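Visitor: Got a structure for you, run.txt, holding compact mmCIF, N, CA and C atoms.
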# COMPACT_ATOMS: atom_id res chain seq x y z
N MET H 835 18.26 0.92 40.15
CA MET H 835 18.87 0.00 39.22
C MET H 835 17.80 -0.76 38.44
N LEU H 836 16.78 -1.21 39.14
CA LEU H 836 15.69 -1.94 38.49
C LEU H 836 14.98 -1.05 37.46
N PHE H 837 14.83 0.22 37.80
CA PHE H 837 14.20 1.17 36.88
C PHE H 837 14.99 1.27 35.57
N PHE H 838 16.31 1.39 35.67
CA PHE H 838 17.14 1.48 34.46
C PHE H 838 17.11 0.20 33.65
N ALA H 839 17.05 -0.93 34.32
CA ALA H 839 16.95 -2.22 33.61
C ALA H 839 15.63 -2.30 32.85
N LEU H 840 14.57 -1.84 33.48
CA LEU H 840 13.25 -1.84 32.84
C LEU H 840 13.25 -0.92 31.62
N ILE H 841 13.82 0.26 31.75
CA ILE H 841 13.91 1.20 30.62
C ILE H 841 14.72 0.58 29.49
N LEU H 842 15.82 -0.08 29.81
CA LEU H 842 16.65 -0.72 28.79
C LEU H 842 15.88 -1.81 28.06
N ILE H 843 15.14 -2.62 28.79
CA ILE H 843 14.36 -3.70 28.19
C ILE H 843 13.30 -3.13 27.25
N ILE H 844 12.60 -2.11 27.70
CA ILE H 844 11.57 -1.48 26.87
C ILE H 844 12.19 -0.87 25.61
N SER H 845 13.32 -0.21 25.75
CA SER H 845 14.00 0.40 24.60
C SER H 845 14.44 -0.66 23.59
N LEU H 846 15.01 -1.74 24.09
CA LEU H 846 15.45 -2.81 23.19
C LEU H 846 14.27 -3.46 22.48
N HIS H 847 13.16 -3.64 23.20
CA HIS H 847 11.96 -4.23 22.59
C HIS H 847 11.42 -3.31 21.49
N SER H 848 11.38 -2.02 21.76
CA SER H 848 10.88 -1.06 20.76
C SER H 848 11.78 -1.06 19.53
N PHE H 849 13.11 -1.09 19.75
CA PHE H 849 14.04 -1.14 18.63
C PHE H 849 13.86 -2.41 17.83
N ASP H 850 13.70 -3.54 18.52
CA ASP H 850 13.54 -4.83 17.84
C ASP H 850 12.26 -4.84 17.01
N CYS H 851 11.16 -4.31 17.54
CA CYS H 851 9.89 -4.26 16.80
C CYS H 851 10.03 -3.39 15.56
N ALA H 852 10.67 -2.23 15.71
CA ALA H 852 10.84 -1.32 14.57
C ALA H 852 11.76 -1.94 13.53
N PHE H 853 12.85 -2.57 13.97
CA PHE H 853 13.80 -3.19 13.04
C PHE H 853 13.14 -4.33 12.28
N THR H 854 12.36 -5.16 12.98
CA THR H 854 11.65 -6.26 12.34
C THR H 854 10.64 -5.73 11.32
N ALA H 855 9.92 -4.68 11.69
CA ALA H 855 8.94 -4.08 10.77
C ALA H 855 9.63 -3.55 9.52
N GLN H 856 10.80 -2.95 9.69
CA GLN H 856 11.54 -2.42 8.54
C GLN H 856 12.01 -3.54 7.62
N GLN H 857 12.50 -4.63 8.21
CA GLN H 857 12.95 -5.76 7.39
C GLN H 857 11.78 -6.36 6.61
N GLU H 858 10.65 -6.53 7.27
CA GLU H 858 9.48 -7.09 6.62
C GLU H 858 8.97 -6.16 5.52
N CYS H 859 9.00 -4.86 5.79
CA CYS H 859 8.58 -3.88 4.79
C CYS H 859 9.47 -3.97 3.56
N GLU H 860 10.78 -4.08 3.75
CA GLU H 860 11.69 -4.18 2.60
C GLU H 860 11.37 -5.42 1.78
N LYS H 861 11.12 -6.53 2.46
CA LYS H 861 10.78 -7.77 1.75
C LYS H 861 9.50 -7.59 0.94
N ASN H 862 8.48 -6.99 1.55
CA ASN H 862 7.21 -6.77 0.86
C ASN H 862 7.36 -5.76 -0.27
N CYS H 863 8.11 -4.71 -0.02
CA CYS H 863 8.30 -3.64 -1.00
C CYS H 863 9.01 -4.16 -2.24
N LYS H 864 10.04 -4.95 -2.04
CA LYS H 864 10.82 -5.45 -3.18
C LYS H 864 10.01 -6.45 -3.98
N GLY H 865 9.42 -7.41 -3.31
CA GLY H 865 8.58 -8.40 -3.97
C GLY H 865 9.05 -8.69 -5.38
N ASP H 866 8.20 -8.48 -6.34
CA ASP H 866 8.58 -8.65 -7.74
C ASP H 866 8.53 -7.31 -8.46
N ASN H 867 8.81 -6.25 -7.73
CA ASN H 867 8.69 -4.90 -8.24
C ASN H 867 10.06 -4.34 -8.60
N GLU H 868 10.47 -4.49 -9.83
CA GLU H 868 11.82 -4.11 -10.24
C GLU H 868 12.09 -2.62 -10.18
N TYR H 869 11.09 -1.78 -10.35
CA TYR H 869 11.32 -0.34 -10.41
C TYR H 869 11.58 0.27 -9.03
N VAL H 870 10.79 -0.12 -8.05
CA VAL H 870 10.91 0.49 -6.73
C VAL H 870 11.94 -0.22 -5.85
N SER H 871 12.33 -1.44 -6.18
CA SER H 871 13.23 -2.24 -5.35
C SER H 871 14.48 -1.50 -4.86
N PRO H 872 15.19 -0.76 -5.71
CA PRO H 872 16.39 -0.07 -5.22
C PRO H 872 16.10 1.00 -4.16
N ASN H 873 14.85 1.43 -4.05
CA ASN H 873 14.48 2.48 -3.10
C ASN H 873 13.87 1.94 -1.82
N CYS H 874 13.65 0.63 -1.73
CA CYS H 874 12.92 0.07 -0.59
C CYS H 874 13.62 0.30 0.75
N GLY H 875 14.94 0.28 0.77
CA GLY H 875 15.66 0.51 2.02
C GLY H 875 15.30 1.83 2.67
N ILE H 876 15.36 2.90 1.91
CA ILE H 876 15.03 4.22 2.45
C ILE H 876 13.52 4.37 2.66
N LEU H 877 12.72 3.81 1.77
CA LEU H 877 11.27 3.92 1.92
C LEU H 877 10.79 3.24 3.20
N CYS H 878 11.45 2.16 3.59
CA CYS H 878 11.03 1.39 4.77
C CYS H 878 11.80 1.77 6.03
N SER H 879 12.60 2.81 5.97
CA SER H 879 13.45 3.18 7.10
C SER H 879 12.67 3.80 8.25
N GLY H 880 11.46 4.26 8.00
CA GLY H 880 10.70 4.94 9.03
C GLY H 880 10.93 6.44 9.01
N THR H 881 11.84 6.91 8.16
CA THR H 881 12.09 8.35 8.06
C THR H 881 11.29 8.98 6.93
N ILE H 882 10.77 8.15 6.04
CA ILE H 882 9.97 8.62 4.91
C ILE H 882 8.50 8.53 5.30
N GLY H 883 7.76 9.57 5.03
CA GLY H 883 6.34 9.58 5.37
C GLY H 883 5.51 8.76 4.40
N PRO H 884 4.29 8.41 4.80
CA PRO H 884 3.44 7.57 3.97
C PRO H 884 3.04 8.20 2.64
N GLN H 885 2.94 9.53 2.58
CA GLN H 885 2.59 10.15 1.30
C GLN H 885 3.71 9.92 0.28
N THR H 886 4.95 10.02 0.72
CA THR H 886 6.10 9.75 -0.16
C THR H 886 6.17 8.27 -0.48
N PHE H 887 5.99 7.44 0.54
CA PHE H 887 6.05 5.98 0.40
C PHE H 887 5.07 5.49 -0.67
N TYR H 888 3.81 5.89 -0.54
CA TYR H 888 2.80 5.43 -1.49
C TYR H 888 2.94 6.11 -2.84
N CYS H 889 3.56 7.28 -2.89
CA CYS H 889 3.83 7.92 -4.18
C CYS H 889 4.80 7.04 -4.98
N TYR H 890 5.88 6.59 -4.34
CA TYR H 890 6.83 5.71 -5.01
C TYR H 890 6.16 4.42 -5.47
N LEU H 891 5.35 3.82 -4.58
CA LEU H 891 4.68 2.57 -4.95
C LEU H 891 3.68 2.80 -6.08
N GLY H 892 3.00 3.95 -6.06
CA GLY H 892 2.06 4.27 -7.14
C GLY H 892 2.78 4.44 -8.47
N CYS H 893 3.92 5.13 -8.44
CA CYS H 893 4.72 5.28 -9.67
C CYS H 893 5.14 3.93 -10.21
N SER H 894 5.57 3.07 -9.31
CA SER H 894 6.02 1.74 -9.72
C SER H 894 4.86 0.93 -10.30
N HIS H 895 3.70 1.07 -9.69
CA HIS H 895 2.51 0.34 -10.13
C HIS H 895 2.12 0.75 -11.56
N ASN H 896 2.25 2.03 -11.85
CA ASN H 896 1.81 2.55 -13.15
C ASN H 896 2.87 2.48 -14.25
N ALA H 897 4.13 2.28 -13.87
CA ALA H 897 5.21 2.30 -14.86
C ALA H 897 5.29 0.99 -15.63
N THR H 898 5.57 1.12 -16.92
CA THR H 898 5.81 -0.07 -17.74
C THR H 898 7.27 -0.18 -18.14
N LYS H 899 8.04 0.88 -17.85
CA LYS H 899 9.48 0.83 -18.09
C LYS H 899 10.17 1.77 -17.10
N GLN H 900 11.46 1.57 -16.91
CA GLN H 900 12.23 2.31 -15.92
C GLN H 900 12.14 3.82 -16.12
N SER H 901 12.19 4.28 -17.34
CA SER H 901 12.14 5.73 -17.60
C SER H 901 10.82 6.34 -17.13
N GLU H 902 9.72 5.60 -17.25
CA GLU H 902 8.42 6.10 -16.76
C GLU H 902 8.44 6.21 -15.24
N PHE H 903 9.03 5.21 -14.58
CA PHE H 903 9.14 5.26 -13.12
C PHE H 903 10.01 6.43 -12.69
N ASP H 904 11.17 6.58 -13.33
CA ASP H 904 12.09 7.67 -12.98
C ASP H 904 11.44 9.04 -13.17
N ASN H 905 10.68 9.21 -14.23
CA ASN H 905 9.99 10.47 -14.48
C ASN H 905 8.92 10.72 -13.43
N CYS H 906 8.18 9.70 -13.09
CA CYS H 906 7.09 9.83 -12.10
C CYS H 906 7.62 10.12 -10.71
N LYS H 907 8.69 9.44 -10.31
CA LYS H 907 9.16 9.56 -8.92
C LYS H 907 9.69 10.95 -8.58
N THR H 908 9.97 11.78 -9.59
CA THR H 908 10.41 13.14 -9.29
C THR H 908 9.32 13.91 -8.54
N LYS H 909 8.06 13.59 -8.80
CA LYS H 909 6.98 14.26 -8.06
C LYS H 909 6.94 13.79 -6.61
N CYS H 910 7.47 12.62 -6.33
CA CYS H 910 7.49 12.10 -4.96
C CYS H 910 8.53 12.81 -4.10
N ASP H 911 9.59 13.28 -4.72
CA ASP H 911 10.67 13.92 -3.99
C ASP H 911 10.45 15.41 -3.81
N GLY H 912 9.56 15.99 -4.63
CA GLY H 912 9.35 17.43 -4.60
C GLY H 912 8.54 17.93 -3.42
N GLY H 913 7.57 17.19 -3.00
CA GLY H 913 6.76 17.60 -1.86
C GLY H 913 5.51 18.37 -2.22
N VAL H 914 5.54 19.17 -3.29
CA VAL H 914 4.39 20.00 -3.65
C VAL H 914 3.20 19.12 -4.02
N GLN H 915 3.45 18.02 -4.70
CA GLN H 915 2.36 17.15 -5.13
C GLN H 915 2.04 16.05 -4.12
N LEU H 916 2.71 16.08 -2.98
CA LEU H 916 2.42 15.09 -1.95
C LEU H 916 1.27 15.59 -1.10
N THR H 917 0.08 15.19 -1.47
CA THR H 917 -1.12 15.60 -0.76
C THR H 917 -1.85 14.36 -0.26
N LYS H 918 -2.80 14.59 0.61
CA LYS H 918 -3.60 13.48 1.10
C LYS H 918 -4.35 12.82 -0.05
N GLU H 919 -4.88 13.62 -0.95
CA GLU H 919 -5.65 13.07 -2.08
C GLU H 919 -4.78 12.20 -2.97
N ALA H 920 -3.56 12.67 -3.27
CA ALA H 920 -2.64 11.88 -4.10
C ALA H 920 -2.26 10.59 -3.39
N CYS H 921 -2.03 10.68 -2.08
CA CYS H 921 -1.68 9.50 -1.29
C CYS H 921 -2.83 8.49 -1.30
N LEU H 922 -4.05 8.98 -1.12
CA LEU H 922 -5.22 8.08 -1.13
C LEU H 922 -5.33 7.36 -2.47
N SER H 923 -5.06 8.09 -3.54
CA SER H 923 -5.13 7.48 -4.87
C SER H 923 -4.04 6.43 -5.05
N ASN H 924 -2.80 6.77 -4.70
CA ASN H 924 -1.68 5.83 -4.83
C ASN H 924 -1.86 4.63 -3.92
N CYS H 925 -2.27 4.88 -2.69
CA CYS H 925 -2.49 3.79 -1.73
C CYS H 925 -3.58 2.86 -2.24
N GLY H 926 -4.63 3.44 -2.80
CA GLY H 926 -5.74 2.65 -3.33
C GLY H 926 -5.33 1.72 -4.46
N LEU H 927 -4.28 2.09 -5.20
CA LEU H 927 -3.77 1.22 -6.26
C LEU H 927 -3.06 -0.01 -5.70
N ILE H 928 -2.49 0.13 -4.52
CA ILE H 928 -1.60 -0.88 -3.96
C ILE H 928 -2.32 -1.82 -3.00
N THR H 929 -3.23 -1.29 -2.21
CA THR H 929 -3.78 -2.03 -1.08
C THR H 929 -4.98 -2.90 -1.45
N THR H 930 -5.18 -3.91 -0.63
CA THR H 930 -6.41 -4.69 -0.70
C THR H 930 -7.33 -4.31 0.46
N HIS H 931 -6.87 -3.38 1.30
CA HIS H 931 -7.64 -2.89 2.46
C HIS H 931 -7.66 -1.36 2.40
N PRO H 932 -8.55 -0.78 1.60
CA PRO H 932 -8.55 0.67 1.39
C PRO H 932 -8.72 1.49 2.67
N GLU H 933 -9.29 0.90 3.71
CA GLU H 933 -9.49 1.65 4.95
C GLU H 933 -8.16 2.07 5.57
N LEU H 934 -7.09 1.36 5.28
CA LEU H 934 -5.80 1.75 5.85
C LEU H 934 -5.29 3.05 5.24
N CYS H 935 -5.71 3.36 4.03
CA CYS H 935 -5.26 4.59 3.37
C CYS H 935 -5.67 5.83 4.16
N ASP H 936 -6.89 5.84 4.68
CA ASP H 936 -7.33 6.97 5.51
C ASP H 936 -6.48 7.10 6.76
N ALA H 937 -6.06 5.97 7.31
CA ALA H 937 -5.28 5.99 8.55
C ALA H 937 -3.87 6.52 8.35
N VAL H 938 -3.29 6.33 7.17
CA VAL H 938 -1.89 6.71 6.99
C VAL H 938 -1.67 7.94 6.13
N CYS H 939 -2.63 8.34 5.34
CA CYS H 939 -2.39 9.41 4.35
C CYS H 939 -2.63 10.82 4.87
N GLY H 940 -2.99 10.98 6.12
CA GLY H 940 -3.29 12.30 6.65
C GLY H 940 -2.10 13.22 6.75
N GLY H 941 -0.92 12.66 6.88
CA GLY H 941 0.29 13.48 6.99
C GLY H 941 1.43 12.77 6.30
N ASN H 942 2.59 13.36 6.38
CA ASN H 942 3.75 12.75 5.73
C ASN H 942 4.89 12.60 6.72
N ASP H 943 4.54 12.29 7.97
CA ASP H 943 5.54 12.06 8.99
C ASP H 943 5.98 10.61 8.94
N GLY H 944 7.25 10.38 9.19
CA GLY H 944 7.77 9.01 9.21
C GLY H 944 7.31 8.27 10.45
N GLY H 945 7.89 7.13 10.68
CA GLY H 945 7.55 6.31 11.83
C GLY H 945 7.23 4.90 11.41
N SER H 946 7.07 4.06 12.41
CA SER H 946 6.84 2.64 12.12
C SER H 946 5.36 2.31 11.95
N PHE H 947 4.44 3.20 12.35
CA PHE H 947 3.02 2.90 12.24
C PHE H 947 2.57 2.67 10.80
N PRO H 948 2.88 3.59 9.85
CA PRO H 948 2.47 3.33 8.47
C PRO H 948 3.13 2.09 7.88
N ILE H 949 4.37 1.83 8.28
CA ILE H 949 5.07 0.63 7.80
C ILE H 949 4.39 -0.62 8.33
N CYS H 950 3.98 -0.57 9.58
CA CYS H 950 3.29 -1.71 10.19
C CYS H 950 1.99 -1.99 9.44
N LEU H 951 1.21 -0.96 9.15
CA LEU H 951 -0.04 -1.16 8.42
C LEU H 951 0.21 -1.68 7.01
N TYR H 952 1.25 -1.19 6.36
CA TYR H 952 1.61 -1.69 5.02
C TYR H 952 1.93 -3.18 5.10
N ASN H 953 2.70 -3.57 6.13
CA ASN H 953 3.04 -4.98 6.29
C ASN H 953 1.80 -5.83 6.52
N CYS H 954 0.87 -5.35 7.34
CA CYS H 954 -0.38 -6.08 7.58
C CYS H 954 -1.14 -6.27 6.27
N ASP H 955 -1.20 -5.20 5.49
CA ASP H 955 -1.91 -5.25 4.22
C ASP H 955 -1.27 -6.28 3.29
N GLN H 956 0.05 -6.30 3.24
CA GLN H 956 0.74 -7.22 2.34
C GLN H 956 0.63 -8.67 2.81
N LYS H 957 0.58 -8.87 4.12
CA LYS H 957 0.47 -10.22 4.68
C LYS H 957 -0.91 -10.82 4.49
N HIS H 958 -1.92 -9.99 4.57
CA HIS H 958 -3.31 -10.48 4.62
C HIS H 958 -4.08 -10.03 3.38
N THR H 959 -3.64 -10.50 2.23
CA THR H 959 -4.29 -10.11 0.98
C THR H 959 -5.19 -11.19 0.41
N ASP H 960 -5.09 -12.40 0.93
CA ASP H 960 -5.83 -13.52 0.35
C ASP H 960 -6.95 -13.96 1.29
N PRO H 961 -8.20 -13.65 0.97
CA PRO H 961 -9.32 -14.02 1.84
C PRO H 961 -9.40 -15.52 2.11
N ARG H 962 -8.94 -16.33 1.19
CA ARG H 962 -9.01 -17.79 1.40
C ARG H 962 -8.12 -18.22 2.56
N LYS H 963 -7.07 -17.48 2.81
CA LYS H 963 -6.18 -17.82 3.92
C LYS H 963 -6.65 -17.21 5.23
N ASP H 964 -7.35 -16.08 5.16
CA ASP H 964 -7.69 -15.33 6.35
C ASP H 964 -9.11 -15.54 6.85
N GLY H 965 -9.89 -16.30 6.19
CA GLY H 965 -11.27 -16.49 6.62
C GLY H 965 -12.23 -16.03 5.54
N ALA H 966 -13.48 -15.91 5.91
CA ALA H 966 -14.54 -15.63 4.94
C ALA H 966 -14.28 -14.39 4.10
N ASP H 967 -13.92 -13.28 4.74
CA ASP H 967 -13.72 -12.06 3.95
C ASP H 967 -12.29 -11.53 4.04
N GLY H 968 -11.42 -12.23 4.73
CA GLY H 968 -10.03 -11.81 4.80
C GLY H 968 -9.76 -10.71 5.80
N SER H 969 -10.77 -10.26 6.52
CA SER H 969 -10.57 -9.11 7.39
C SER H 969 -10.17 -9.46 8.81
N GLU H 970 -10.48 -10.67 9.27
CA GLU H 970 -10.23 -11.00 10.67
C GLU H 970 -8.75 -10.90 11.04
N ASP H 971 -7.88 -11.57 10.28
CA ASP H 971 -6.46 -11.53 10.59
C ASP H 971 -5.87 -10.14 10.31
N PHE H 972 -6.36 -9.47 9.28
CA PHE H 972 -5.91 -8.11 9.01
C PHE H 972 -6.26 -7.21 10.18
N ASP H 973 -7.47 -7.34 10.72
CA ASP H 973 -7.89 -6.52 11.86
C ASP H 973 -7.03 -6.78 13.08
N LYS H 974 -6.67 -8.04 13.33
CA LYS H 974 -5.79 -8.36 14.46
C LYS H 974 -4.43 -7.72 14.26
N CYS H 975 -3.92 -7.83 13.05
CA CYS H 975 -2.62 -7.24 12.74
C CYS H 975 -2.67 -5.72 12.89
N LYS H 976 -3.73 -5.12 12.39
CA LYS H 976 -3.91 -3.66 12.47
C LYS H 976 -3.97 -3.21 13.93
N THR H 977 -4.64 -4.00 14.77
CA THR H 977 -4.73 -3.67 16.20
C THR H 977 -3.35 -3.65 16.83
N LYS H 978 -2.49 -4.59 16.44
CA LYS H 978 -1.12 -4.61 16.95
C LYS H 978 -0.38 -3.34 16.55
N CYS H 979 -0.62 -2.86 15.35
CA CYS H 979 0.02 -1.61 14.89
C CYS H 979 -0.41 -0.43 15.75
N TYR H 980 -1.71 -0.35 16.04
CA TYR H 980 -2.21 0.74 16.87
C TYR H 980 -1.64 0.66 18.28
N LYS H 981 -1.53 -0.55 18.82
CA LYS H 981 -0.95 -0.72 20.15
C LYS H 981 0.52 -0.30 20.14
N MET H 982 1.25 -0.72 19.10
CA MET H 982 2.66 -0.37 18.99
C MET H 982 2.83 1.15 18.89
N ALA H 983 1.96 1.80 18.13
CA ALA H 983 2.05 3.25 17.96
C ALA H 983 1.76 3.98 19.27
N GLY H 984 0.96 3.36 20.13
CA GLY H 984 0.62 3.96 21.41
C GLY H 984 1.69 3.81 22.47
N GLN H 985 2.71 2.99 22.19
CA GLN H 985 3.77 2.75 23.18
C GLN H 985 4.64 3.97 23.35
Rewrite the structure of this file - the entire thing - as structure tokens.

Guide:
Amino acid sequence: MLFFALILIISLHSFDCAFTAQQECEKNCKGDNEYVSPNCGILCSGTIGPQTFYCYLGCSHNATKQSEFDNCKTKCDGGVQLTKEACLSNCGLITTHPELCDAVCGGNDGGSFPICLYNCDQKHTDPRKDGADGSEDFDKCKTKCYKMAGQ
């Protein structure tokens, strides 16, 4: 009985962490980004891989009107143009911590790990708030993502 209770607690904790990460991702994704906002729910669901995720964000970053975003995002849904190189380029447009791009762009599998790193990046963008170079709090946050992924 104790074993089943422990399994239930661990399962609920994992669900709560993933659900919280998804909510935070949606908040960060929507921000003031009018083009990608309608897609943030699915992008942050954990079922979309990082190559697709950063493709959408890259399209939104480069678009100056809705039609440009709509035209660009077709390459995100096709899969043929979803490569590590394209992801690194799109991620580099969005992030203030380029090292995270190498960690997430290697594949296009879903999960909460890339979402967690995206949330860390969005939370820790201002060096004045995070210390001398802004990396200390980002590194702590990133470590939590790696621990969560190892669970």

Visitor: Do a neighbour search on Ser879 of chain H at 6.5 Å with all atoms listed in the file, toss out local chain neighbours closer than 5 positions, and write the hits as a PDB file with N, CA and C atoms, in the frame of the given file.

Guide:
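Below is the file selection17.pdb, written as the result:
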ATOM      1  N   GLN H 856      10.800  -2.950   9.690  1.00  0.00           N
ATOM      2  CA  GLN H 856      11.540  -2.420   8.540  1.00  0.00           C
ATOM      3  C   GLN H 856      12.010  -3.540   7.620  1.00  0.00           C
ATOM      4  N   CYS H 874      13.650   0.630  -1.730  1.00  0.00           N
ATOM      5  CA  CYS H 874      12.920   0.070  -0.590  1.00  0.00           C
ATOM      6  C   CYS H 874      13.620   0.300   0.750  1.00  0.00           C
ATOM      7  N   GLY H 945       7.890   7.130  10.680  1.00  0.00           N
ATOM      8  CA  GLY H 945       7.550   6.310  11.830  1.00  0.00           C
ATOM      9  C   GLY H 945       7.230   4.900  11.410  1.00  0.00           C
TER      10      GLY H 945
END

Visitor: Please, which residues of segment 843-939 of chain H, numbered as in this document, come out helix (DSSP H, G or I) from DSSP, as a VMD selection string?

Guide: chain H and resid 843 to 864 871 to 877 884 to 896 900 to 912 918 to 928 933 to 938

Visitor: Figure out the distance between atom CA of Cys950 of chain H and atom CA of Gly865 of chain H, please, to one decimal in Å.

Guide: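 Separation between atom CA of Gly865 of chain H and atom CA of Cys950 of chain H: 16.5 Å.
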
Visitor: Could you tell me how far atom N of Gln956 of chain H lies from atom C of Ala983 of chain H, in Å and to one decimal?

Guide: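 The value is 19.1 Å.
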
Visitor: May I have the residues within 8 Å of segment 886-891 of chain H as a list in words, using all atoms listed in the file and disregarding those fewer than 5 positions away in the same chain?

Guide: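 Those residues are Tyr869, Val870, Ile876, Leu877, Cys878, Asn896, Ala897, Cys906, Lys907, Lys909, Cys910, Asp911, Leu916, Thr917, Ala920, Cys921, Leu922, Ser923, Asn924, Cys925, Gly926, Leu927, Ile928, Gly941, Asn942 and Asp943 of chain H.
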
Visitor: With N, CA and C atoms retained, write the just-selected residues as an mmCIF file, keeping the file's coordinate frame.

Guide:
data_model
loop_
_atom_site.group_PDB
_atom_site.id
_atom_site.type_symbol
_atom_site.label_atom_id
_atom_site.label_comp_id
_atom_site.auth_asym_id
_atom_site.auth_seq_id
_atom_site.Cartn_x
_atom_site.Cartn_y
_atom_site.Cartn_z
ATOM 1 N N TYR H 869 11.090 -1.780 -10.350
ATOM 2 C CA TYR H 869 11.320 -0.340 -10.410
ATOM 3 C C TYR H 869 11.580 0.270 -9.030
ATOM 4 N N VAL H 870 10.790 -0.120 -8.050
ATOM 5 C CA VAL H 870 10.910 0.490 -6.730
ATOM 6 C C VAL H 870 11.940 -0.220 -5.850
ATOM 7 N N ILE H 876 15.360 2.900 1.910
ATOM 8 C CA ILE H 876 15.030 4.220 2.450
ATOM 9 C C ILE H 876 13.520 4.370 2.660
ATOM 10 N N LEU H 877 12.720 3.810 1.770
ATOM 11 C CA LEU H 877 11.270 3.920 1.920
ATOM 12 C C LEU H 877 10.790 3.240 3.200
ATOM 13 N N CYS H 878 11.450 2.160 3.590
ATOM 14 C CA CYS H 878 11.030 1.390 4.770
ATOM 15 C C CYS H 878 11.800 1.770 6.030
ATOM 16 N N ASN H 896 2.250 2.030 -11.850
ATOM 17 C CA ASN H 896 1.810 2.550 -13.150
ATOM 18 C C ASN H 896 2.870 2.480 -14.250
ATOM 19 N N ALA H 897 4.130 2.280 -13.870
ATOM 20 C CA ALA H 897 5.210 2.300 -14.860
ATOM 21 C C ALA H 897 5.290 0.990 -15.630
ATOM 22 N N CYS H 906 8.180 9.700 -13.090
ATOM 23 C CA CYS H 906 7.090 9.830 -12.100
ATOM 24 C C CYS H 906 7.620 10.120 -10.710
ATOM 25 N N LYS H 907 8.690 9.440 -10.310
ATOM 26 C CA LYS H 907 9.160 9.560 -8.920
ATOM 27 C C LYS H 907 9.690 10.950 -8.580
ATOM 28 N N LYS H 909 8.060 13.590 -8.800
ATOM 29 C CA LYS H 909 6.980 14.260 -8.060
ATOM 30 C C LYS H 909 6.940 13.790 -6.610
ATOM 31 N N CYS H 910 7.470 12.620 -6.330
ATOM 32 C CA CYS H 910 7.490 12.100 -4.960
ATOM 33 C C CYS H 910 8.530 12.810 -4.100
ATOM 34 N N ASP H 911 9.590 13.280 -4.720
ATOM 35 C CA ASP H 911 10.670 13.920 -3.990
ATOM 36 C C ASP H 911 10.450 15.410 -3.810
ATOM 37 N N LEU H 916 2.710 16.080 -2.980
ATOM 38 C CA LEU H 916 2.420 15.090 -1.950
ATOM 39 C C LEU H 916 1.270 15.590 -1.100
ATOM 40 N N THR H 917 0.080 15.190 -1.470
ATOM 41 C CA THR H 917 -1.120 15.600 -0.760
ATOM 42 C C THR H 917 -1.850 14.360 -0.260
ATOM 43 N N ALA H 920 -3.560 12.670 -3.270
ATOM 44 C CA ALA H 920 -2.640 11.880 -4.100
ATOM 45 C C ALA H 920 -2.260 10.590 -3.390
ATOM 46 N N CYS H 921 -2.030 10.680 -2.080
ATOM 47 C CA CYS H 921 -1.680 9.500 -1.290
ATOM 48 C C CYS H 921 -2.830 8.490 -1.300
ATOM 49 N N LEU H 922 -4.050 8.980 -1.120
ATOM 50 C CA LEU H 922 -5.220 8.080 -1.130
ATOM 51 C C LEU H 922 -5.330 7.360 -2.470
ATOM 52 N N SER H 923 -5.060 8.090 -3.540
ATOM 53 C CA SER H 923 -5.130 7.480 -4.870
ATOM 54 C C SER H 923 -4.040 6.430 -5.050
ATOM 55 N N ASN H 924 -2.800 6.770 -4.700
ATOM 56 C CA ASN H 924 -1.680 5.830 -4.830
ATOM 57 C C ASN H 924 -1.860 4.630 -3.920
ATOM 58 N N CYS H 925 -2.270 4.880 -2.690
ATOM 59 C CA CYS H 925 -2.490 3.790 -1.730
ATOM 60 C C CYS H 925 -3.580 2.860 -2.240
ATOM 61 N N GLY H 926 -4.630 3.440 -2.800
ATOM 62 C CA GLY H 926 -5.740 2.650 -3.330
ATOM 63 C C GLY H 926 -5.330 1.720 -4.460
ATOM 64 N N LEU H 927 -4.280 2.090 -5.200
ATOM 65 C CA LEU H 927 -3.770 1.220 -6.260
ATOM 66 C C LEU H 927 -3.060 -0.010 -5.700
ATOM 67 N N ILE H 928 -2.490 0.130 -4.520
ATOM 68 C CA ILE H 928 -1.600 -0.880 -3.960
ATOM 69 C C ILE H 928 -2.320 -1.820 -3.000
ATOM 70 N N GLY H 941 -0.920 12.660 6.880
ATOM 71 C CA GLY H 941 0.290 13.480 6.990
ATOM 72 C C GLY H 941 1.430 12.770 6.300
ATOM 73 N N ASN H 942 2.590 13.360 6.380
ATOM 74 C CA ASN H 942 3.750 12.750 5.730
ATOM 75 C C ASN H 942 4.890 12.600 6.720
ATOM 76 N N ASP H 943 4.540 12.290 7.970
ATOM 77 C CA ASP H 943 5.540 12.060 8.990
ATOM 78 C C ASP H 943 5.980 10.610 8.940
#

Visitor: To one decimal place, how far is atom N of His958 of chain H from atom N of Asp973 of chain H in Å?

Guide: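 About the pair atom N of His958 of chain H and atom N of Asp973 of chain H: they are 8.7 Å apart.
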
Visitor: When distances are computed from only C-alpha atoms, which of H:Cys893, H:His931, H:Met982, H:Asp936 shows the smallest separation from Glu970 of chain H?

Guide: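 Looking at the shortest contact to Glu970 of chain H, the residue is H:His931.
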
Visitor: Counting only C-alpha atoms, which of H:Thr930, H:Asn905, H:Ser894, H:Thr959 gets nearest to Glu868 of chain H?

Guide: H:Ser894

Visitor: Let me make sure I understand: among H:Gln900, H:Cys975, H:Thr908, H:Asn873, which one has the smallest atom-to-atom distance to Asn953 of chain H if we use only N, CA and C atoms?

Guide: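 When distances to Asn953 of chain H are compared using only N, CA and C atoms, the smallest one comes from H:Cys975.
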
Visitor: Find the spatial neighbours of Lys957 of chain H, counting only C-alpha atoms, within a cut-off of 10 Å - ignore same-chain residues fewer than 2 positions away - and output them as a PyMOL selection string.

Guide: chain H and resi 858+862+951-955+959-960+964+971-972+975
